[in-house]
>>> print(open('target.cif').read())   # mmCIF, C-alpha atoms and all ligand atoms
data_protein
#
loop_
_atom_site.label_atom_id
_atom_site.label_comp_id
_atom_site.auth_asym_id
_atom_site.auth_seq_id
_atom_site.Cartn_x
_atom_site.Cartn_y
_atom_site.Cartn_z
CA MET A 1208 -45.29 -29.98 158.52
CA ASN A 1209 -45.93 -32.17 161.53
CA PRO A 1210 -45.47 -29.78 164.50
CA VAL A 1211 -43.41 -32.41 166.29
CA TYR A 1212 -40.61 -31.70 163.84
CA ASP A 1213 -40.57 -28.03 164.69
CA LEU A 1214 -37.60 -28.90 166.86
CA GLU A 1215 -35.17 -27.10 164.58
CA PRO A 1216 -35.84 -23.34 164.34
CA PRO A 1217 -35.48 -22.33 160.66
CA GLU A 1218 -32.41 -20.18 161.38
CA TRP A 1219 -30.50 -23.24 162.63
CA ARG A 1220 -30.75 -24.77 159.16
CA ASP A 1221 -28.70 -21.89 157.76
CA TYR A 1222 -25.99 -22.18 160.41
CA SER A 1223 -22.77 -24.02 159.67
CA ASP A 1224 -21.75 -26.91 161.93
CA ALA A 1225 -19.32 -24.60 163.76
CA GLU A 1226 -22.02 -21.96 164.27
CA LEU A 1227 -24.32 -24.55 165.78
CA LYS A 1228 -21.58 -26.02 167.95
CA VAL A 1229 -20.62 -22.70 169.58
CA ARG A 1230 -24.23 -22.16 170.60
CA ILE A 1231 -24.17 -25.26 172.81
CA ASP A 1232 -23.76 -24.45 176.51
CA PRO A 1233 -20.99 -26.81 177.69
CA CYS A 1234 -22.24 -26.53 181.28
CA ARG A 1235 -25.67 -27.96 180.43
CA LEU A 1236 -24.82 -30.94 178.27
CA PRO A 1237 -26.97 -34.05 178.52
CA ARG A 1238 -25.12 -36.51 180.78
CA HIS A 1239 -26.32 -39.38 178.64
CA ILE A 1240 -27.59 -39.36 175.05
CA ALA A 1241 -29.32 -42.48 173.71
CA VAL A 1242 -29.96 -43.01 170.00
CA ILE A 1243 -32.37 -45.19 168.01
CA MET A 1244 -30.60 -45.36 164.64
CA ASP A 1245 -33.63 -45.95 162.42
CA GLY A 1246 -34.27 -45.67 158.69
CA ASN A 1247 -31.27 -47.52 157.28
CA GLY A 1248 -33.39 -49.92 155.22
CA ARG A 1249 -35.57 -47.11 153.84
CA TRP A 1250 -32.47 -45.05 152.99
CA ALA A 1251 -31.19 -47.98 150.93
CA GLN A 1252 -34.58 -48.76 149.36
CA ALA A 1253 -34.94 -45.13 148.23
CA ARG A 1254 -31.71 -45.62 146.30
CA GLY A 1255 -32.60 -49.05 144.90
CA LEU A 1256 -29.90 -50.64 147.06
CA PRO A 1257 -30.03 -53.72 149.31
CA ARG A 1258 -30.90 -53.01 152.97
CA VAL A 1259 -27.40 -53.84 154.12
CA SER A 1260 -26.09 -50.87 152.12
CA GLY A 1261 -28.14 -48.66 154.42
CA HIS A 1262 -26.60 -50.23 157.50
CA ARG A 1263 -23.15 -49.90 155.98
CA ALA A 1264 -23.79 -46.22 155.20
CA GLY A 1265 -25.01 -45.82 158.78
CA ILE A 1266 -21.50 -46.58 160.05
CA GLN A 1267 -20.39 -43.09 158.98
CA SER A 1268 -23.22 -41.64 161.08
CA VAL A 1269 -22.07 -43.77 164.02
CA ARG A 1270 -18.56 -42.40 163.54
CA GLU A 1271 -19.77 -38.78 163.44
CA THR A 1272 -22.05 -39.21 166.45
CA VAL A 1273 -19.37 -40.85 168.60
CA GLU A 1274 -16.79 -38.25 167.57
CA GLY A 1275 -19.25 -35.37 168.00
CA ALA A 1276 -20.30 -36.50 171.48
CA ALA A 1277 -16.67 -37.07 172.54
CA GLU A 1278 -15.56 -33.65 171.25
CA LEU A 1279 -18.34 -31.88 173.14
CA GLY A 1280 -17.59 -33.73 176.37
CA VAL A 1281 -20.88 -35.63 176.60
CA PRO A 1282 -20.21 -38.23 179.33
CA VAL A 1283 -22.30 -41.16 177.99
CA LEU A 1284 -23.62 -42.18 174.57
CA THR A 1285 -25.72 -45.30 173.93
CA LEU A 1286 -26.48 -46.52 170.42
CA PHE A 1287 -29.26 -49.10 169.89
CA ALA A 1288 -27.65 -51.32 167.27
CA PHE A 1289 -29.58 -54.61 167.46
CA SER A 1290 -32.80 -55.40 169.29
CA THR A 1291 -34.01 -58.76 170.60
CA GLU A 1292 -36.76 -58.44 167.93
CA ASN A 1293 -34.13 -58.04 165.19
CA TRP A 1294 -33.32 -61.78 165.49
CA ARG A 1295 -36.56 -62.35 163.55
CA ARG A 1296 -35.08 -60.69 160.42
CA PRO A 1297 -33.91 -62.87 157.49
CA ARG A 1298 -30.75 -64.78 158.33
CA ASP A 1299 -28.61 -63.03 155.70
CA GLN A 1300 -29.52 -59.61 157.11
CA VAL A 1301 -28.70 -60.66 160.66
CA ASP A 1302 -25.38 -62.10 159.48
CA ALA A 1303 -24.61 -58.90 157.56
CA LEU A 1304 -25.27 -56.79 160.68
CA MET A 1305 -23.01 -59.03 162.77
CA ASP A 1306 -20.26 -58.75 160.13
CA LEU A 1307 -20.62 -54.97 160.10
CA LEU A 1308 -20.27 -54.86 163.84
CA VAL A 1309 -17.03 -56.83 163.77
CA GLU A 1310 -15.74 -54.69 160.90
CA TYR A 1311 -16.66 -51.52 162.81
CA VAL A 1312 -14.77 -52.63 165.91
CA ASP A 1313 -11.70 -53.60 163.90
CA ARG A 1314 -11.66 -50.31 162.01
CA GLU A 1315 -12.50 -47.98 164.87
CA ILE A 1316 -10.57 -49.40 167.80
CA GLY A 1317 -7.62 -47.09 167.08
CA THR A 1318 -9.87 -44.01 167.04
CA LEU A 1319 -11.63 -45.10 170.23
CA LEU A 1320 -8.28 -45.51 172.00
CA LYS A 1321 -6.87 -42.26 170.63
CA ASN A 1322 -9.93 -40.36 171.88
CA ASP A 1323 -9.87 -42.00 175.33
CA ILE A 1324 -13.30 -43.58 174.71
CA ARG A 1325 -14.48 -46.54 176.80
CA PHE A 1326 -16.53 -49.04 174.80
CA ILE A 1327 -19.16 -51.10 176.64
CA PRO A 1328 -21.53 -53.52 174.88
CA ILE A 1329 -24.80 -54.18 176.77
CA GLY A 1330 -27.70 -56.58 176.32
CA ARG A 1331 -28.04 -60.36 176.08
CA LEU A 1332 -24.57 -60.62 174.60
CA PHE A 1333 -24.49 -64.40 175.15
CA GLN A 1334 -27.02 -64.67 172.27
CA LEU A 1335 -24.53 -63.20 169.77
CA PRO A 1336 -22.34 -65.48 167.64
CA PRO A 1337 -19.21 -66.50 169.61
CA HIS A 1338 -16.80 -64.64 167.32
CA VAL A 1339 -18.83 -61.42 167.75
CA GLN A 1340 -18.87 -61.87 171.53
CA ALA A 1341 -15.11 -62.36 171.48
CA LYS A 1342 -14.54 -59.24 169.37
CA LEU A 1343 -16.74 -57.10 171.63
CA ALA A 1344 -15.06 -58.42 174.78
CA TRP A 1345 -11.67 -57.65 173.22
CA ALA A 1346 -12.71 -54.06 172.40
CA GLN A 1347 -14.17 -53.57 175.87
CA ASP A 1348 -10.95 -54.82 177.40
CA GLN A 1349 -8.73 -52.70 175.12
CA THR A 1350 -10.63 -49.51 175.97
CA ALA A 1351 -11.19 -50.26 179.67
CA ARG A 1352 -8.81 -47.48 180.72
CA GLY A 1353 -10.67 -44.82 178.68
CA ARG A 1354 -11.59 -41.83 180.82
CA GLY A 1355 -13.47 -39.85 178.16
CA LEU A 1356 -16.79 -40.74 176.55
CA LEU A 1357 -18.51 -43.92 177.77
CA PHE A 1358 -19.79 -45.46 174.55
CA LEU A 1359 -22.45 -48.10 175.15
CA ILE A 1360 -23.75 -50.21 172.31
CA ALA A 1361 -27.01 -52.07 172.92
CA LEU A 1362 -27.06 -55.48 171.22
CA SER A 1363 -29.67 -58.21 171.55
CA TYR A 1364 -31.27 -55.67 173.81
CA SER A 1365 -34.82 -54.56 174.52
CA GLY A 1366 -36.31 -52.56 177.35
CA ARG A 1367 -38.60 -55.38 178.50
CA VAL A 1368 -35.83 -57.97 178.37
CA ASP A 1369 -33.71 -55.56 180.44
CA VAL A 1370 -36.44 -55.51 183.12
CA VAL A 1371 -36.95 -59.30 182.92
CA ASP A 1372 -33.23 -59.95 183.41
CA ALA A 1373 -33.08 -57.46 186.28
CA VAL A 1374 -36.07 -59.12 188.00
CA ARG A 1375 -34.46 -62.55 187.62
CA SER A 1376 -31.22 -61.27 189.12
CA ILE A 1377 -33.04 -59.64 192.05
CA ALA A 1378 -35.12 -62.81 192.61
CA ARG A 1379 -31.91 -64.87 192.83
CA GLN A 1380 -30.61 -62.52 195.55
CA VAL A 1381 -33.87 -62.82 197.48
CA GLN A 1382 -33.82 -66.60 197.09
CA ALA A 1383 -30.24 -66.72 198.40
CA GLY A 1384 -31.30 -64.69 201.44
CA CYS A 1385 -29.09 -61.72 200.48
CA LEU A 1386 -31.96 -59.28 199.92
CA SER A 1387 -35.30 -58.72 201.63
CA PRO A 1388 -38.27 -58.08 199.29
CA ASP A 1389 -39.09 -55.00 201.40
CA CYS A 1390 -35.72 -53.50 200.45
CA ILE A 1391 -36.46 -53.59 196.71
CA ASP A 1392 -36.86 -50.00 195.57
CA GLU A 1393 -36.12 -48.03 192.39
CA GLN A 1394 -32.39 -47.89 193.18
CA VAL A 1395 -32.21 -51.68 193.56
CA ILE A 1396 -33.98 -52.21 190.25
CA ALA A 1397 -31.77 -49.64 188.46
CA ALA A 1398 -28.69 -51.37 189.90
CA HIS A 1399 -29.68 -54.62 188.13
CA LEU A 1400 -30.36 -53.17 184.69
CA TYR A 1401 -27.85 -53.42 181.85
CA THR A 1402 -27.33 -49.66 182.23
CA ARG A 1403 -26.41 -49.88 185.92
CA GLU A 1404 -23.08 -48.11 185.38
CA VAL A 1405 -24.56 -44.96 183.83
CA PRO A 1406 -27.19 -42.30 184.57
CA ASP A 1407 -30.54 -42.48 182.78
CA PRO A 1408 -30.52 -40.76 179.37
CA ASP A 1409 -31.28 -37.03 179.48
CA LEU A 1410 -31.87 -37.02 175.73
CA LEU A 1411 -33.16 -39.66 173.30
CA ILE A 1412 -32.68 -39.14 169.57
CA ARG A 1413 -34.68 -41.18 167.07
CA THR A 1414 -34.21 -40.81 163.32
CA SER A 1415 -36.48 -41.75 160.40
CA GLY A 1416 -39.69 -40.02 161.42
CA GLU A 1417 -41.09 -42.81 163.59
CA LEU A 1418 -42.55 -41.42 166.80
CA ARG A 1419 -42.03 -44.49 169.00
CA ILE A 1420 -39.75 -45.80 171.72
CA SER A 1421 -39.81 -49.33 170.23
CA ASN A 1422 -39.01 -51.22 173.41
CA PHE A 1423 -35.81 -49.29 174.12
CA MET A 1424 -34.76 -48.50 177.72
CA LEU A 1425 -38.35 -48.47 178.99
CA TRP A 1426 -37.36 -47.96 182.63
CA GLN A 1427 -34.56 -45.50 181.97
CA LEU A 1428 -36.50 -43.17 179.65
CA ALA A 1429 -39.06 -42.17 182.31
CA TYR A 1430 -38.00 -38.49 182.29
CA THR A 1431 -35.87 -38.37 179.16
CA GLU A 1432 -36.35 -35.55 176.65
CA LEU A 1433 -37.25 -37.00 173.25
CA TRP A 1434 -35.98 -35.59 169.95
CA PHE A 1435 -37.32 -36.93 166.68
CA THR A 1436 -36.10 -36.11 163.20
CA PRO A 1437 -37.48 -37.26 159.84
CA ILE A 1438 -34.04 -37.84 158.35
CA TYR A 1439 -32.79 -41.40 157.93
CA TRP A 1440 -29.89 -42.60 160.05
CA PRO A 1441 -27.32 -42.75 157.21
CA ASP A 1442 -27.90 -38.99 156.67
CA PHE A 1443 -27.39 -38.13 160.36
CA ARG A 1444 -24.36 -35.90 160.87
CA LYS A 1445 -22.74 -33.92 163.68
CA ARG A 1446 -24.96 -30.93 162.92
CA HIS A 1447 -28.06 -33.02 163.75
CA LEU A 1448 -26.48 -34.02 167.06
CA TYR A 1449 -25.82 -30.32 167.77
CA MET A 1450 -29.43 -29.43 166.91
CA ALA A 1451 -30.77 -32.14 169.22
CA ILE A 1452 -28.59 -30.85 172.07
CA LEU A 1453 -29.53 -27.21 171.39
CA ASP A 1454 -33.20 -28.15 171.46
CA PHE A 1455 -32.62 -30.11 174.70
CA GLN A 1456 -31.04 -26.99 176.22
CA ARG A 1457 -34.16 -24.94 175.37
CA ARG A 1458 -36.43 -27.23 177.37
CA GLU A 1459 -37.48 -26.94 180.97
CA ARG A 1460 -37.39 -30.25 182.80
CA ARG A 1461 -39.88 -30.44 185.61
CA TYR A 1462 -39.88 -34.07 186.79
CA GLY A 1463 -43.51 -33.76 187.86
CA THR A 1464 -43.00 -30.57 189.87
CA VAL A 1465 -44.25 -27.06 189.14
CA PRO A 1466 -42.39 -24.78 186.70
CA SER A 1467 -39.66 -22.53 188.09
CA THR A 1468 -41.50 -19.39 186.87
CA PRO A 1469 -45.22 -18.76 187.54
CA GLU A 1470 -47.54 -19.94 184.75
CA PRO A 1471 -51.28 -19.59 184.21
CA VAL A 1472 -53.25 -22.38 185.89
CA SER A 1473 -53.97 -25.20 183.41
CA SER A 1474 -56.06 -28.33 183.61
CA GLY A 1475 -53.06 -30.61 182.91
CA THR A 1476 -51.88 -32.83 185.74
CA PHE A 1477 -48.66 -34.29 184.38
CA SER A 1478 -45.46 -32.58 183.34
C1 LIG B 1 -32.82 -49.96 162.32
O1 LIG B 1 -32.91 -49.60 160.93
C2 LIG B 1 -31.41 -50.18 162.67
C3 LIG B 1 -30.81 -51.37 162.87
C4 LIG B 1 -31.57 -52.63 162.84
C5 LIG B 1 -29.37 -51.53 163.10
C6 LIG B 1 -28.53 -50.28 162.98
C7 LIG B 1 -27.11 -50.66 162.73
C8 LIG B 1 -26.22 -49.88 162.08
C9 LIG B 1 -26.52 -48.51 161.61
C10 LIG B 1 -24.86 -50.38 161.74
C11 LIG B 1 -24.12 -51.07 162.81
C12 LIG B 1 -23.86 -50.24 163.99
C13 LIG B 1 -22.67 -50.17 164.61
C14 LIG B 1 -22.56 -49.42 165.89
C15 LIG B 1 -21.48 -50.81 164.11
P1 LIG B 1 -33.75 -50.50 159.93
O2 LIG B 1 -32.83 -51.47 159.28
O3 LIG B 1 -34.88 -51.13 160.69
O4 LIG B 1 -34.27 -49.46 158.88
P2 LIG B 1 -35.77 -49.29 158.34
O5 LIG B 1 -36.63 -48.92 159.52
O6 LIG B 1 -35.70 -48.21 157.34
O7 LIG B 1 -36.17 -50.61 157.73
#
>>> encode(input="target.cif", output="structure tokens")
Amino acid sequence: MNPVYDLEPPEWRDYSDAELKVRIDPCRLPRHIAVIMDGNGRWAQARGLPRVSGHRAGIQSVRETVEGAAELGVPVLTLFAFSTENWRRPRDQVDALMDLLVEYVDREIGTLLKNDIRFIPIGRLFQLPPHVQAKLAWAQDQTARGRGLLFLIALSYSGRVDVVDAVRSIARQVQAGCLSPDCIDEQVIAAHLYTREVPDPDLLIRTSGELRISNFMLWQLAYTELWFTPIYWPDFRKRHLYMAILDFQRRERRYGTVPSTPEPVSSGTFS
């Protein structure tokens, strides 16, 4: 087995969902979990189904992940649902994804409201079909008073586009004389990103066995803990979310400093 997948100690696999859940320390939850929901097409292909069936099946995983994060008290969850690169997919697949999104919002709005969840779409939303933009704006408005989980959904989003749009916005402020170039620091840049309202992710989950970031939150993931699993997104359930969080809680985050307990001297420079 690829050692990178040794993120789930064998005993965890025998635990029930409830047994995994009680092992999570509620005082050390990630403040923000970001998810790359990959492997929907392959899940469908493996069953001889059209790709859209994989995306449709993935809705149940979205449901479980949102519910699981809300129940635990995770403050922020971001799901990467459509990248700027995804526009290059065949038209019927793009249309099917847009339809699924609208269907999801219609079906889940009641649950989001009941669970005090605030729904915030991010990305180049103006590139989405007008009826999708309207539905997302409606859901954002309906849930604006939510004080529980902040549920961000990244659409027509990519990490580089996020930086490009932030730079444009900062440049406009400089041009207008509202900001001196010497005052541009990391905080200013972060304040112009699509994620400006939330902390950087503490934990990134990617399904489907791909070990890549794929142009997702390039600035924000600088110190994020990464958790990869070979399972396809439509098979992702609450127990996988619990395992990712448990593994996160086993890690020591150093942010480039020395470890909190003495360690033998090594030749490595970076943490
Ligand atoms: C990548 O899998 C995932 C996507 C392009 C979109 C994911 C969208 C959903 C699961 C459904 C809609 C989401 C919400 C929140 C309503 P892929 O299609 O590239 O799979 P592959 O890598 O196996 O081809």
>>> residues_near_ligand(input="target.cif", ligand="ligand LIG 1 (chain B)", cutoff="7 Å", atoms="all atoms listed in the file", output="ChimeraX atom specification")
/A:1244-1250,1258,1262-1263,1265-1266,1269,1286,1288-1289,1293,1304,1307-1308,1311,1360,1440
>>> axis_aligned_box(input="target.cif", around="stretch 1429-1447 of chain A", padding_each_side="6 Å", output="AutoDock Vina command-line options")
--center_x -30.9 --center_y -36.8 --center_z 169.5 --size_x 28.3 --size_y 23.8 --size_z 37.6
>>> residues_around(input="target.cif", residues="stretch 1338-1351 of chain A", least_positions_apart="6", cutoff="9 Å", atoms="only C-alpha atoms", output="number ranges by chain")
A: 1305-1306, 1308-1309, 1312-1313, 1316, 1319-1320, 1323-1328, 1332
>>> write_last_selection(input="target.cif", atoms="C-alpha atoms", output="PDB file, in the coordinates of the input")
ATOM      1  CA  MET A1305     -23.010 -59.030 162.770  1.00  0.00           C
ATOM      2  CA  ASP A1306     -20.260 -58.750 160.130  1.00  0.00           C
ATOM      3  CA  LEU A1308     -20.270 -54.860 163.840  1.00  0.00           C
ATOM      4  CA  VAL A1309     -17.030 -56.830 163.770  1.00  0.00           C
ATOM      5  CA  VAL A1312     -14.770 -52.630 165.910  1.00  0.00           C
ATOM      6  CA  ASP A1313     -11.700 -53.600 163.900  1.00  0.00           C
ATOM      7  CA  ILE A1316     -10.570 -49.400 167.800  1.00  0.00           C
ATOM      8  CA  LEU A1319     -11.630 -45.100 170.230  1.00  0.00           C
ATOM      9  CA  LEU A1320      -8.280 -45.510 172.000  1.00  0.00           C
ATOM     10  CA  ASP A1323      -9.870 -42.000 175.330  1.00  0.00           C
ATOM     11  CA  ILE A1324     -13.300 -43.580 174.710  1.00  0.00           C
ATOM     12  CA  ARG A1325     -14.480 -46.540 176.800  1.00  0.00           C
ATOM     13  CA  PHE A1326     -16.530 -49.040 174.800  1.00  0.00           C
ATOM     14  CA  ILE A1327     -19.160 -51.100 176.640  1.00  0.00           C
ATOM     15  CA  PRO A1328     -21.530 -53.520 174.880  1.00  0.00           C
ATOM     16  CA  LEU A1332     -24.570 -60.620 174.600  1.00  0.00           C
TER      17      LEU A1332
END
>>> residues_near_point(input="target.cif", point="(-39.2, -50.7, 175.1)", cutoff="8 Å", atoms="only C-alpha atoms", output="list in words")
Ser1365, Gly1366, Arg1367, Ile1420, Ser1421, Asn1422, Phe1423, Met1424 and Leu1425 of chain A
>>> write_last_selection(input="target.cif", atoms="C-alpha atoms", output="CSV table (one decimal), in the frame of the given file")
chain,number,residue,atom,x,y,z
A,1365,SER,CA,-34.8,-54.6,174.5
A,1366,GLY,CA,-36.3,-52.6,177.4
A,1367,ARG,CA,-38.6,-55.4,178.5
A,1420,ILE,CA,-39.8,-45.8,171.7
A,1421,SER,CA,-39.8,-49.3,170.2
A,1422,ASN,CA,-39.0,-51.2,173.4
A,1423,PHE,CA,-35.8,-49.3,174.1
A,1424,MET,CA,-34.8,-48.5,177.7
A,1425,LEU,CA,-38.4,-48.5,179.0
>>> atom_distance(input="target.cif", atom1="atom CA of A:Ser1363", atom2="atom CA of A:Trp1294")
7.9 Å
>>> residues_around(input="target.cif", residues="A:Ala1398", least_positions_apart="2", cutoff="12 Å", atoms="only C-alpha atoms", output="list in words")
Asp1369, Val1370, Asp1372, Ala1373, Val1374, Ser1376, Ile1377, Ile1391, Asp1392, Glu1393, Gln1394, Val1395, Ile1396, Leu1400, Tyr1401, Thr1402, Arg1403, Glu1404, Val1405, Pro1406, Asp1407, Trp1426 and Gln1427 of chain A
>>> write_last_selection(input="target.cif", atoms="C-alpha atoms", output="PDB file, keeping the file's coordinate frame")
ATOM      1  CA  ASP A1369     -33.710 -55.560 180.440  1.00  0.00           C
ATOM      2  CA  VAL A1370     -36.440 -55.510 183.120  1.00  0.00           C
ATOM      3  CA  ASP A1372     -33.230 -59.950 183.410  1.00  0.00           C
ATOM      4  CA  ALA A1373     -33.080 -57.460 186.280  1.00  0.00           C
ATOM      5  CA  VAL A1374     -36.070 -59.120 188.000  1.00  0.00           C
ATOM      6  CA  SER A1376     -31.220 -61.270 189.120  1.00  0.00           C
ATOM      7  CA  ILE A1377     -33.040 -59.640 192.050  1.00  0.00           C
ATOM      8  CA  ILE A1391     -36.460 -53.590 196.710  1.00  0.00           C
ATOM      9  CA  ASP A1392     -36.860 -50.000 195.570  1.00  0.00           C
ATOM     10  CA  GLU A1393     -36.120 -48.030 192.390  1.00  0.00           C
ATOM     11  CA  GLN A1394     -32.390 -47.890 193.180  1.00  0.00           C
ATOM     12  CA  VAL A1395     -32.210 -51.680 193.560  1.00  0.00           C
ATOM     13  CA  ILE A1396     -33.980 -52.210 190.250  1.00  0.00           C
ATOM     14  CA  LEU A1400     -30.360 -53.170 184.690  1.00  0.00           C
ATOM     15  CA  TYR A1401     -27.850 -53.420 181.850  1.00  0.00           C
ATOM     16  CA  THR A1402     -27.330 -49.660 182.230  1.00  0.00           C
ATOM     17  CA  ARG A1403     -26.410 -49.880 185.920  1.00  0.00           C
ATOM     18  CA  GLU A1404     -23.080 -48.110 185.380  1.00  0.00           C
ATOM     19  CA  VAL A1405     -24.560 -44.960 183.830  1.00  0.00           C
ATOM     20  CA  PRO A1406     -27.190 -42.300 184.570  1.00  0.00           C
ATOM     21  CA  ASP A1407     -30.540 -42.480 182.780  1.00  0.00           C
ATOM     22  CA  TRP A1426     -37.360 -47.960 182.630  1.00  0.00           C
ATOM     23  CA  GLN A1427     -34.560 -45.500 181.970  1.00  0.00           C
TER      24      GLN A1427
END
>>> closest_residue(input="target.cif", among="A:Gln1334, A:Glu1310, A:Pro1233, A:Pro1437", to="A:Ile1452", atoms="all atoms listed in the file")
A:Pro1233
>>> residues_near_point(input="target.cif", point="(-17.5, -36.6, 165.8)", cutoff="12 Å", atoms="only C-alpha atoms", output="VMD selection string")
chain A and resid 1224 1228 1267 to 1281 1318 to 1319 1322 1356 1443 to 1449
>>> atom_distance(input="target.cif", atom1="atom CA of A:Leu1335", atom2="atom CA of A:Pro1282")
27.1 Å
>>> residues_around(input="target.cif", residues="A:Glu1215", least_positions_apart="5", cutoff="12 Å", atoms="only C-alpha atoms", output="ChimeraX atom specification")
/A:1210,1220-1222,1227,1434-1437,1446-1455,1457
>>> atom_distance(input="target.cif", atom1="atom CA of A:Gly1463", atom2="atom CA of A:Ala1429")
11.0 Å
>>> residues_around(input="target.cif", residues="A:Ile1438", least_positions_apart="5", cutoff="7 Å", atoms="only C-alpha atoms", output="PDB file with C-alpha atoms, in the frame of the given file")
ATOM      1  CA  THR A1414     -34.210 -40.810 163.320  1.00  0.00           C
ATOM      2  CA  SER A1415     -36.480 -41.750 160.400  1.00  0.00           C
ATOM      3  CA  GLY A1416     -39.690 -40.020 161.420  1.00  0.00           C
ATOM      4  CA  PHE A1443     -27.390 -38.130 160.360  1.00  0.00           C
TER       5      PHE A1443
END
>>> closest_residue(input="target.cif", among="A:Arg1295, A:Arg1354, A:Lys1321, A:His1239", to="A:Pro1408", atoms="only C-alpha atoms")
A:His1239
>>> build_atoms(input="target.cif", residues="stretch 1378-1391 of chain A", atoms="N, CA and C atoms", output="PDB file, in the coordinates of the input")
ATOM      1  N   ALA A1378     -34.461 -61.628 192.018  1.00  0.00           N
ATOM      2  CA  ALA A1378     -35.120 -62.810 192.610  1.00  0.00           C
ATOM      3  C   ALA A1378     -34.076 -63.800 193.124  1.00  0.00           C
ATOM      4  N   ARG A1379     -32.977 -63.951 192.377  1.00  0.00           N
ATOM      5  CA  ARG A1379     -31.910 -64.870 192.830  1.00  0.00           C
ATOM      6  C   ARG A1379     -31.321 -64.386 194.153  1.00  0.00           C
ATOM      7  N   GLN A1380     -31.151 -63.073 194.294  1.00  0.00           N
ATOM      8  CA  GLN A1380     -30.610 -62.520 195.550  1.00  0.00           C
ATOM      9  C   GLN A1380     -31.578 -62.746 196.712  1.00  0.00           C
ATOM     10  N   VAL A1381     -32.862 -62.603 196.425  1.00  0.00           N
ATOM     11  CA  VAL A1381     -33.870 -62.820 197.480  1.00  0.00           C
ATOM     12  C   VAL A1381     -33.855 -64.299 197.879  1.00  0.00           C
ATOM     13  N   GLN A1382     -33.812 -65.154 196.844  1.00  0.00           N
ATOM     14  CA  GLN A1382     -33.820 -66.600 197.090  1.00  0.00           C
ATOM     15  C   GLN A1382     -32.612 -67.028 197.928  1.00  0.00           C
ATOM     16  N   ALA A1383     -31.479 -66.371 197.673  1.00  0.00           N
ATOM     17  CA  ALA A1383     -30.240 -66.720 198.400  1.00  0.00           C
ATOM     18  C   ALA A1383     -30.219 -66.094 199.794  1.00  0.00           C
ATOM     19  N   GLY A1384     -31.237 -65.313 200.112  1.00  0.00           N
ATOM     20  CA  GLY A1384     -31.300 -64.690 201.440  1.00  0.00           C
ATOM     21  C   GLY A1384     -30.437 -63.449 201.565  1.00  0.00           C
ATOM     22  N   CYS A1385     -29.958 -62.909 200.430  1.00  0.00           N
ATOM     23  CA  CYS A1385     -29.090 -61.720 200.480  1.00  0.00           C
ATOM     24  C   CYS A1385     -29.894 -60.423 200.428  1.00  0.00           C
ATOM     25  N   LEU A1386     -31.167 -60.505 200.110  1.00  0.00           N
ATOM     26  CA  LEU A1386     -31.960 -59.280 199.920  1.00  0.00           C
ATOM     27  C   LEU A1386     -33.391 -59.548 200.395  1.00  0.00           C
ATOM     28  N   SER A1387     -33.915 -58.594 201.184  1.00  0.00           N
ATOM     29  CA  SER A1387     -35.300 -58.720 201.630  1.00  0.00           C
ATOM     30  C   SER A1387     -36.211 -58.078 200.586  1.00  0.00           C
ATOM     31  N   PRO A1388     -37.354 -58.694 200.260  1.00  0.00           N
ATOM     32  CA  PRO A1388     -38.270 -58.080 199.290  1.00  0.00           C
ATOM     33  C   PRO A1388     -38.646 -56.650 199.673  1.00  0.00           C
ATOM     34  N   ASP A1389     -38.717 -56.364 200.968  1.00  0.00           N
ATOM     35  CA  ASP A1389     -39.090 -55.000 201.400  1.00  0.00           C
ATOM     36  C   ASP A1389     -38.016 -53.975 201.061  1.00  0.00           C
ATOM     37  N   CYS A1390     -36.819 -54.440 200.777  1.00  0.00           N
ATOM     38  CA  CYS A1390     -35.720 -53.500 200.450  1.00  0.00           C
ATOM     39  C   CYS A1390     -35.657 -53.195 198.950  1.00  0.00           C
ATOM     40  N   ILE A1391     -36.510 -53.845 198.163  1.00  0.00           N
ATOM     41  CA  ILE A1391     -36.460 -53.590 196.710  1.00  0.00           C
ATOM     42  C   ILE A1391     -37.134 -52.251 196.423  1.00  0.00           C
TER      43      ILE A1391
END
